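To start, the structure itself, in structure tokens.
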Amino acid sequence: MKYLDKVLITILSFLFALSMTWNVNGNTNLINFLVCFIVFLIISNLIYPKICKYELKKKEAKSINKKEFWIFGLLIAFSLIVAFLAYYPGYATPDSLNQWKQVQTGIYSDWHPLIQTLFFMKLPSLFYNNIVSCTIFQMIFIFSILMYFCYFFRKNFLTFKQTLIVLSFIIFNPLFFRLSVTLWKDIGYSWALFLGTILLIEIVISNGNWIKKNRNKVLLILTSLGILLFRHNGIICFILMFLGLAIFYKDSRKFYLITMITILIMRSILTGPVYQYFEIDKNGGRAEMLGEIMGQIAYYYNHGVEFSEEEYELLNELAPLELWEENYRPTSFNDIKFNSSTYLEVADERFSDIIKMYLNKSISHPKMAVVSYLNMTSPIWKYQRNIIETDYGERLETHYEGDVTKENTLLKEESDFVYPYLTAYNNLIVETPLRILFLDIGQALFVILTALAITISRWKKDFKKYLPFILVLSNTAVIMLLITGEESRFVYAQALCAIPLCIYAFISYKEKKERKKKDMAKTDTFFHRLFIEKTDNSLIQFIRYFFVGGVAAVVNIGMLYIFTDICHIYYLISNVLSFTMGLIVNYILSKKFVFQEETKLNKTKEFLIYAIIGILGLGIDTLLMGIFTSVLSIYYMISKIISTMLVFIWNFGARKVLYKIIK
């Protein structure tokens, strides 16, 4: 295997080991982590090369077998009908009820995206003013997307049996049964991301030609509107998708840029003057962005971090202090937020003060910052037993008479002829190893990252091949910055998009080889000149030394943390030990990549002179550390970063002069 493959395998092994051994209520066990990491690393090195060789070749164009698609359609319809009967007339939560009330009263809010409310609730209610119409409409939406999924992959790459297996994996997942009839904004958004991912795959494998048909342009625009308007954070995915397409496909660049700009302008008009004219409330926007940050602050509060009087006052304004202890959970801030009547208003008004407090505590307590962040984001990346949230929402039926709203919530009895059997099926999955495939949300992200690693390994510097991953990964990144809870709905898009992306990773398709060779030759020449071939150009040497110094700094700072915080050695002594290790790494890499000139001195004398410069640098580094930490009272890790940057300039200049002299 090449170095790139080894790096990718190492990253995947690290993620797998951490997600398997991380304990949300405490630190991960180091021995368990190392054992899991080593075992998975060995297995990956044996299996990964063989997996990469597997290919799904594009089939010759032929007529579609309609009988096969009847089977696909009947299977999808069967699973949706089972879910509908089990959760009739729909599976709703407070969010769903809020949107339904907006539709019935005509008093709208953009707390939940208005377009999503109008599309999935107002439109169906025009035909039949009952929440059951919304459930049926969402099921039709999902059915259409799944049929397109089967059409595309069956026509191009998969056999009938392969398509049937993949489809069964999607529709017989317990999460699919419940979420397909759950009236959440996240469901429509997740399926829009799923369809967008398939369209990106189509664009890439056609080398950009797919978009030249007008019907395909319409389909892409409609899908992108769903991504943009069904959830507020969809704007990031929308922009990145169109920018990526515009960068890599010059022939259609004008279309992508004009479409993106036009839609964004229309959105700004909609959320600005139009919302203002119709008095549509847009409250809670900034407060919702603080979910993950507030969760970390709650961790600091419950783990002995000291706050100033002003900070305690701010915390108490956000939520009564007793709530910070009674309702604290390491993976969510929702219990504190929803039990406070003042949080949303105060968080929106004092947004900058909260950010300032968060940064201050995170910089002062970096270990807690990392631990609390991993806890808050663990529902996304961690392999865990996901709960089928049958008690979170309510299966309900709501009646309305004129302008007066009356709610009548009717829960199904256990004697219903579908629900008990579906519950038994769910429990069967939960209590067997099948939950790893179906219900461990971290599994989906791991599959996506593995598919990306295989794609990178195959196509190296042909970056446009990575485009199909942009939607789900950008959505995951946004959620990991703004996550407010650990419900499966937040990461349902991961579970959906993992499947087409896994198939895509093994697709083999033709393209213009000459163009590819030219592009790679240019990249290889530039890369070789910048990092490999011998040179005495000061600028190139400085760039190389920047990377070498970065690696050495990581070793230096990392070992300082281990010696000081784990081994409990006095920080100045730790600094000497860590600096020495960084110096050795710096010398080896500098000789290989930066200062490659032959010298008359033997290796020992050369290293001694090199070490003298390093010792002088150590003296400067230690002096600066003492001044910053002991005199100016700056946290020792921050002092280390500042001193390392200053010593870096000294080291490069002195060693550049040294090699000129001894040459």
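Each chain in the structure tokens gets a letter, A, B, ..., in the order shown, and its residues are numbered from 1; ligands are numbered from 1 in order too.
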
Practice problem: Do a neighbour search on Leu8 in chain A at 10 Å with only C-alpha atoms, toss out local chain neighbours closer than 5 positions, and write the hits as an MDAnalysis selection string. | Solution: chainID A and resid 3 13:14 449:450 452:454 456:457

Exercise. Would you kindly return, as a list in words, each protein, DNA or RNA residue with an atom no farther than 9 Å from any atom of range 318-320 of chain A, considering only C-alpha atoms and excluding same-chain residues fewer than 3 positions away?
Key: Glu313, Leu314, Leu315, Leu323, Trp324, Ile336, Lys337, Asn339, Ser340, Ser341, Thr342, Tyr343, Leu344, Glu345, Val346 and Ala347 of chain A

Quiz item: Of the candidates A:Ile540, A:Val551, A:Ile588, A:Leu439, which one gets nearest to Ser488 in chain A if we count only C-alpha atoms?
Solution: A:Leu439

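In this structure, CA of Phe593 in chain A sits 17.0 Å away from CA of Ala654 in chain A.
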